[in-house]
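Heads up, the thing below is written out as structure tokens.
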Amino acid sequence: MSVKSPAKITSKSLAAAFLPHLMLFTLLVTLFHYNKTTSSSWTTTSTHPSSSSTNIDFPPSQQSQQQQQQHPIPPIESLLAPNGTIIGDISWMLDFAIIAFPKSGTTFMKDYLRQSSEVWMYPREFCIKSLEDVERFVRVYYEVRWEHSQQQQQQQQQQLPQENHPDNVSMIQYGLKCPGVLYRNDIDIYRRYFHHTKLIVGIRHPISWFESFYNYQMYRNVSTAQMKMMTTTDFVGRCEKHQKVCTDRARFHAALARLGFTRMEGAEELGLLFGWRYENETNRHHGGPNHQQRRRRRRRMVGQGPGVRRPTQRMGVYPSSNQVFIYEVRQIHNSITAKQLSKNIQQYLQIDEALPEISSYTQNKTRAINICDEEHKAVRRVLVEHGKDAADWIENYFVKSSSVVVSSPESFFDLLNDWRQDPCEGNSLD
């Protein structure tokens with residue numbers, strides 16, 4: 001039996017045998033360097049919120065995806081277009097907003113909550129009245145949130161206990177203060193962009209509110225010369241010609257109704273919201289140029305004449321999914337109710353640490369008028385009527401919504417009951 005001799009191994013045959021393995025090894029090395037480069041490119045272009053680079057051609061690496069899950073701050077380019085248009089979901093950026101009525105404790109509430117290490121608020125008023133304001137909000141608050149996320153990332157890298165670091169981004173509640181939102185159409189901006197934001201609303205006895213706001217405008221507003229030429233009866237009715245003070249703005253219930261928390265269908269509720277039960281009396285006392293205008297407005301409200309619209313359309317209602325925390329401003333000044341207010345607001349905002357004790361204080365401000373003087377009796381009469389309607393509607397309709405949280409209900413309703421009477425007639429607002 002003959003045995004074949006082995007084939008002679010040449011360099012040519014050896015190269016042919018190992019060429020596929022060599023090509024596979026080269027391909028793996030190339031892919032390794034390619035993946036490393038793309039990962040570095042993503043990390044570099046996403047390191048600052050103001051980055052506007054459009055050269056991110058590759059998806060993030062697995063490592064950067066894990067980092068984003070731990071610190072879910074998306075690239076700002078996914079929220080804002082180059083022209084400032086909102087293109088992403090920004091509802092997560094604003095946890096709460098103090099949108100109480102002017103002179104109803106908004107500044108106090110802002111300064112009070114800013115004392116907590118679990119709260120970050122813009123130091124001044126931050127109103128969002130237009131789409132340009134929305135863009136500005138995103139840029140400002142994105143910057144702050146991004147900085148806080150970097151601080152948290154450093155903590156985790158250093159393996160420091162989180163409870164020793166109040167700047168933990170997962171604990172901070174981000175808020176702002178802007179009084180008067182419910183008067184204006186920026187309430188629609190909250191409905192569109194900030195539907196998860198928790199709202200904080202303070203209210204005040206209409207007579208006390210009118211006196212405080214009138215005095216404030218007399219010394220702070222550029223139109224003081226015009227105001228000095230007018231009497232308080234000139235401020236009865238709607239605000240006209242850029243007025244900020246008028247009795248209609250003391251109709252807090254009509255402003256709250258714009259959130260769409262109630263049905264606004266029955267004659268009783270509509271009568272409270274539109275003030276039908278005293279309008280005839282007001283017209284008799286305040287005729288003049290606006291008398292016919294008031295009568296035409298009333299006919300439209302009750303469904304008579306041209307221009308009839310649904311109540312929600314007439315009032316500019318923007319049905320909201322936000323929660324509302326409501327308080328009466330005098331709850332701040334009473335030591336017992338102030339403690340409960342502090343606890344309630346802490347629970348509402350889901351703040352872990354106890355808020356500091358609310359210290360009682362009094363404000364000594366120069367007054368242009370004393371609302372209890374006899375010359376202001378006519379305007380007080382109108383404001384008491386507004387107070388009655390507001391108290392009835394808030395108690396019987398508004399607070400029954402599951403979206404409303406009332407601070408210390410017992411004291412709240414006791415104070416609300418005062419709105420049904422003139423405090424200058426033997427009662428006190430203190």
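For the structure tokens, the naming scheme is as follows: chains receive sequential letters (A, B, ...) according to their order of presentation, residues are indexed from 1 within each chain, and ligands are indexed from 1 in presentation order.
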Subject >> Neighbour list for segment 173-179 of chain A as an NGL selection string, cut-off 8 Å, only C-alpha atoms, skip fewer than 4 positions in-chain >> reply: :A and (93-102 or 106-107 or 110 or 118-122 or 124-127 or 349 or 351)
**OP:** Please identify all polymer residues within 12 Å of segment 405-410 of chain A, counting only C-alpha atoms, omitting same-chain residues fewer than 5 positions from it, and present them as a ChimeraX atom specification.
**Re:** /A:198-203,322-332,336-349,394-395,398-400,415-417
Limited to N, CA, C and O atoms, could you put the picked residues into a file as a compact mmCIF listing (two decimals), in the first residue's frame?
# COMPACT_ATOMS: atom_id res chain seq x y z
N LYS A 198 -47.51 72.23 39.23
CA LYS A 198 -48.40 72.48 40.36
C LYS A 198 -48.51 73.98 40.59
O LYS A 198 -47.49 74.67 40.68
N LEU A 199 -49.73 74.47 40.66
CA LEU A 199 -49.97 75.91 40.80
C LEU A 199 -50.25 76.26 42.27
O LEU A 199 -50.91 75.49 42.98
N ILE A 200 -49.77 77.42 42.68
CA ILE A 200 -50.01 77.93 44.03
C ILE A 200 -50.72 79.27 43.89
O ILE A 200 -50.21 80.18 43.24
N VAL A 201 -51.90 79.38 44.50
CA VAL A 201 -52.74 80.56 44.34
C VAL A 201 -53.13 81.10 45.71
O VAL A 201 -53.71 80.38 46.52
N GLY A 202 -52.81 82.37 45.95
CA GLY A 202 -53.25 83.05 47.16
C GLY A 202 -54.39 84.00 46.84
O GLY A 202 -54.41 84.61 45.77
N ILE A 203 -55.35 84.10 47.74
CA ILE A 203 -56.47 85.02 47.55
C ILE A 203 -56.60 85.90 48.79
O ILE A 203 -56.05 85.59 49.85
N ASN A 322 -53.75 70.92 35.58
CA ASN A 322 -52.86 71.23 36.69
C ASN A 322 -53.57 71.07 38.02
O ASN A 322 -54.79 71.21 38.12
N GLN A 323 -52.79 70.83 39.06
CA GLN A 323 -53.30 70.90 40.43
C GLN A 323 -53.15 72.33 40.93
O GLN A 323 -52.27 73.07 40.49
N VAL A 324 -54.02 72.71 41.88
CA VAL A 324 -53.98 74.05 42.45
C VAL A 324 -53.99 73.96 43.97
O VAL A 324 -54.86 73.29 44.55
N PHE A 325 -53.04 74.62 44.60
CA PHE A 325 -53.01 74.78 46.06
C PHE A 325 -53.48 76.20 46.35
O PHE A 325 -52.90 77.17 45.86
N ILE A 326 -54.54 76.34 47.15
CA ILE A 326 -55.11 77.65 47.41
C ILE A 326 -55.06 77.98 48.90
O ILE A 326 -55.28 77.11 49.75
N TYR A 327 -54.72 79.23 49.21
CA TYR A 327 -54.67 79.70 50.59
C TYR A 327 -55.24 81.11 50.65
O TYR A 327 -55.29 81.82 49.64
N GLU A 328 -55.70 81.51 51.83
CA GLU A 328 -56.13 82.88 52.08
C GLU A 328 -54.98 83.60 52.77
O GLU A 328 -54.38 83.06 53.70
N VAL A 329 -54.65 84.78 52.31
CA VAL A 329 -53.40 85.42 52.71
C VAL A 329 -53.28 85.60 54.22
O VAL A 329 -52.18 85.58 54.78
N ARG A 330 -54.41 85.74 54.94
CA ARG A 330 -54.33 85.91 56.39
C ARG A 330 -53.87 84.64 57.10
O ARG A 330 -53.48 84.70 58.27
N GLN A 331 -53.88 83.51 56.41
CA GLN A 331 -53.34 82.29 57.00
C GLN A 331 -51.83 82.40 57.23
O GLN A 331 -51.28 81.66 58.05
N ILE A 332 -51.20 83.29 56.52
CA ILE A 332 -49.75 83.50 56.70
C ILE A 332 -49.47 84.23 58.01
O ILE A 332 -48.47 83.98 58.68
N ILE A 336 -50.86 79.95 64.27
CA ILE A 336 -51.38 78.58 64.23
C ILE A 336 -51.60 78.13 62.79
O ILE A 336 -51.14 77.06 62.37
N THR A 337 -52.31 78.96 62.02
CA THR A 337 -52.58 78.58 60.63
C THR A 337 -51.31 78.61 59.78
O THR A 337 -51.20 77.89 58.80
N ALA A 338 -50.33 79.45 60.18
CA ALA A 338 -49.08 79.52 59.43
C ALA A 338 -48.32 78.19 59.53
O ALA A 338 -47.71 77.75 58.55
N LYS A 339 -48.34 77.56 60.70
CA LYS A 339 -47.67 76.26 60.86
C LYS A 339 -48.32 75.21 59.97
O LYS A 339 -47.64 74.41 59.33
N GLN A 340 -49.64 75.23 59.92
CA GLN A 340 -50.34 74.27 59.08
C GLN A 340 -50.11 74.56 57.61
O GLN A 340 -49.97 73.64 56.79
N LEU A 341 -50.06 75.85 57.26
CA LEU A 341 -49.78 76.23 55.87
C LEU A 341 -48.42 75.71 55.44
O LEU A 341 -48.25 75.18 54.33
N SER A 342 -47.43 75.85 56.32
CA SER A 342 -46.09 75.37 56.01
C SER A 342 -46.08 73.86 55.77
O SER A 342 -45.48 73.37 54.81
N LYS A 343 -46.79 73.14 56.62
CA LYS A 343 -46.85 71.68 56.47
C LYS A 343 -47.59 71.29 55.21
O LYS A 343 -47.17 70.39 54.48
N ASN A 344 -48.68 71.99 54.92
CA ASN A 344 -49.48 71.68 53.73
C ASN A 344 -48.70 71.92 52.44
O ASN A 344 -48.75 71.11 51.51
N ILE A 345 -47.98 73.04 52.37
CA ILE A 345 -47.23 73.36 51.16
C ILE A 345 -46.07 72.39 50.98
O ILE A 345 -45.70 72.03 49.86
N GLN A 346 -45.48 71.94 52.09
CA GLN A 346 -44.41 70.95 52.02
C GLN A 346 -44.92 69.64 51.44
O GLN A 346 -44.28 69.04 50.57
N GLN A 347 -46.08 69.21 51.89
CA GLN A 347 -46.67 67.97 51.38
C GLN A 347 -47.09 68.14 49.92
O GLN A 347 -46.91 67.22 49.11
N TYR A 348 -47.63 69.27 49.59
CA TYR A 348 -48.10 69.52 48.22
C TYR A 348 -46.96 69.46 47.22
O TYR A 348 -47.09 68.87 46.14
N LEU A 349 -45.82 70.05 47.58
CA LEU A 349 -44.67 70.07 46.67
C LEU A 349 -43.79 68.84 46.84
O LEU A 349 -42.78 68.71 46.14
N ILE A 394 -66.36 79.80 45.35
CA ILE A 394 -65.17 79.04 45.77
C ILE A 394 -65.58 77.90 46.69
O ILE A 394 -65.11 76.75 46.55
N GLU A 395 -66.47 78.19 47.63
CA GLU A 395 -66.86 77.18 48.61
C GLU A 395 -67.76 76.10 48.01
O GLU A 395 -67.61 74.91 48.33
N PHE A 398 -65.62 75.55 43.37
CA PHE A 398 -64.21 75.41 43.04
C PHE A 398 -63.50 74.35 43.88
O PHE A 398 -62.82 73.47 43.34
N VAL A 399 -63.63 74.43 45.20
CA VAL A 399 -62.84 73.53 46.07
C VAL A 399 -63.35 72.09 46.02
O VAL A 399 -62.69 71.19 46.53
N LYS A 400 -64.50 71.87 45.38
CA LYS A 400 -65.01 70.51 45.26
C LYS A 400 -64.33 69.75 44.13
O LYS A 400 -64.54 68.54 43.99
N LEU A 415 -62.17 82.31 57.16
CA LEU A 415 -61.70 83.57 56.59
C LEU A 415 -62.51 83.94 55.34
O LEU A 415 -62.79 85.11 55.10
N LEU A 416 -62.87 82.94 54.58
CA LEU A 416 -63.67 83.19 53.38
C LEU A 416 -65.04 83.75 53.74
O LEU A 416 -65.60 84.57 52.99
N ASN A 417 -65.56 83.35 54.87
CA ASN A 417 -66.86 83.86 55.30
C ASN A 417 -66.83 85.36 55.55
O ASN A 417 -67.84 86.06 55.38
Original post:
atom CA of Tyr183 of chain A and atom CA of Ser212 of chain A, how far apart in Å?
Top reply: 17.8 Å
Original post:
Please, what distance in Å, to one decimal, runs between atom CA of Ile86 of chain A and atom CA of Val317 of chain A?
Top reply: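 Interatomic distance here is 23.4 Å.
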All residues 10 Å or closer to Lys129 of chain A, only C-alpha atoms, same chain fewer than 2 positions away omitted, as a short mmCIF file (atom, residue, chain, number, x, y, z; two decimals) with N, CA and C atoms, in the first residue's frame:
data_model
loop_
_atom_site.label_atom_id
_atom_site.label_comp_id
_atom_site.auth_asym_id
_atom_site.auth_seq_id
_atom_site.Cartn_x
_atom_site.Cartn_y
_atom_site.Cartn_z
N PHE A 126 -40.75 85.81 37.15
CA PHE A 126 -40.45 85.23 35.85
C PHE A 126 -41.78 84.90 35.19
N CYS A 127 -42.28 85.83 34.38
CA CYS A 127 -43.57 85.65 33.73
C CYS A 127 -43.40 85.10 32.32
N LEU A 131 -44.54 83.36 23.46
CA LEU A 131 -43.66 82.27 23.03
C LEU A 131 -42.19 82.64 23.20
N GLU A 132 -41.88 83.93 23.08
CA GLU A 132 -40.50 84.38 23.33
C GLU A 132 -40.13 84.14 24.79
N ASP A 133 -41.09 84.34 25.69
CA ASP A 133 -40.84 84.07 27.11
C ASP A 133 -40.65 82.58 27.36
N VAL A 134 -41.37 81.74 26.61
CA VAL A 134 -41.21 80.29 26.74
C VAL A 134 -39.78 79.89 26.36
N CYS A 178 -45.10 84.44 39.31
CA CYS A 178 -45.63 85.42 38.36
C CYS A 178 -47.09 85.71 38.74
N VAL A 181 -51.42 85.60 36.53
CA VAL A 181 -51.53 84.74 35.35
C VAL A 181 -52.99 84.50 34.99
N ARG A 184 -54.76 86.83 32.57
CA ARG A 184 -54.25 87.01 31.21
C ARG A 184 -54.33 85.71 30.41
N ASN A 185 -53.94 85.81 29.16
CA ASN A 185 -53.97 84.64 28.29
C ASN A 185 -52.75 83.75 28.44
N ASP A 186 -51.77 84.15 29.26
CA ASP A 186 -50.64 83.24 29.46
C ASP A 186 -51.07 81.99 30.22
N ILE A 187 -52.29 81.98 30.75
CA ILE A 187 -52.80 80.74 31.34
C ILE A 187 -52.86 79.64 30.28
N ASP A 188 -53.06 80.02 29.01
CA ASP A 188 -53.08 79.05 27.93
C ASP A 188 -51.69 78.46 27.69
N ILE A 189 -50.65 79.24 27.94
CA ILE A 189 -49.29 78.73 27.80
C ILE A 189 -49.03 77.62 28.82
N TYR A 190 -49.54 77.82 30.04
CA TYR A 190 -49.39 76.76 31.05
C TYR A 190 -50.16 75.51 30.62
#
**OP:** Any chance you could list, as a PyMOL selection string, the residues in segment 109-155 of chain A that come up alpha helix (DSSP H) when DSSP is run on the backbone?
**Re:** chain A and resi 109-113+131-155
Export, as a PDB file, in the first residue's frame, the selected residues with C-alpha atoms.
ATOM      1  CA  MET A 109     -44.240  82.718  49.240  1.00  0.00           C
ATOM      2  CA  LYS A 110     -41.340  83.004  46.790  1.00  0.00           C
ATOM      3  CA  ASP A 111     -38.881  84.140  49.448  1.00  0.00           C
ATOM      4  CA  TYR A 112     -40.173  81.562  51.905  1.00  0.00           C
ATOM      5  CA  LEU A 113     -39.831  78.567  49.599  1.00  0.00           C
ATOM      6  CA  LEU A 131     -43.659  82.270  23.033  1.00  0.00           C
ATOM      7  CA  GLU A 132     -40.505  84.377  23.334  1.00  0.00           C
ATOM      8  CA  ASP A 133     -40.837  84.070  27.107  1.00  0.00           C
ATOM      9  CA  VAL A 134     -41.207  80.286  26.743  1.00  0.00           C
ATOM     10  CA  GLU A 135     -37.908  80.150  24.847  1.00  0.00           C
ATOM     11  CA  ARG A 136     -36.213  82.282  27.491  1.00  0.00           C
ATOM     12  CA  PHE A 137     -37.596  80.035  30.234  1.00  0.00           C
ATOM     13  CA  VAL A 138     -36.226  76.910  28.559  1.00  0.00           C
ATOM     14  CA  ARG A 139     -32.745  78.394  28.188  1.00  0.00           C
ATOM     15  CA  VAL A 140     -32.567  79.713  31.759  1.00  0.00           C
ATOM     16  CA  TYR A 141     -34.032  76.684  33.521  1.00  0.00           C
ATOM     17  CA  TYR A 142     -32.212  74.193  31.309  1.00  0.00           C
ATOM     18  CA  GLU A 143     -28.919  75.796  32.305  1.00  0.00           C
ATOM     19  CA  VAL A 144     -29.778  75.488  36.002  1.00  0.00           C
ATOM     20  CA  ARG A 145     -30.986  71.909  35.729  1.00  0.00           C
ATOM     21  CA  TRP A 146     -27.930  70.925  33.722  1.00  0.00           C
ATOM     22  CA  GLU A 147     -25.592  72.390  36.354  1.00  0.00           C
ATOM     23  CA  HIS A 148     -27.430  70.535  39.111  1.00  0.00           C
ATOM     24  CA  SER A 149     -27.225  67.277  37.150  1.00  0.00           C
ATOM     25  CA  GLN A 150     -23.467  67.718  36.816  1.00  0.00           C
ATOM     26  CA  GLN A 151     -23.186  68.196  40.564  1.00  0.00           C
ATOM     27  CA  GLN A 152     -25.106  64.982  41.128  1.00  0.00           C
ATOM     28  CA  GLN A 153     -22.919  63.125  38.657  1.00  0.00           C
ATOM     29  CA  GLN A 154     -19.802  64.266  40.507  1.00  0.00           C
ATOM     30  CA  GLN A 155     -21.306  63.086  43.783  1.00  0.00           C
TER      31      GLN A 155
END
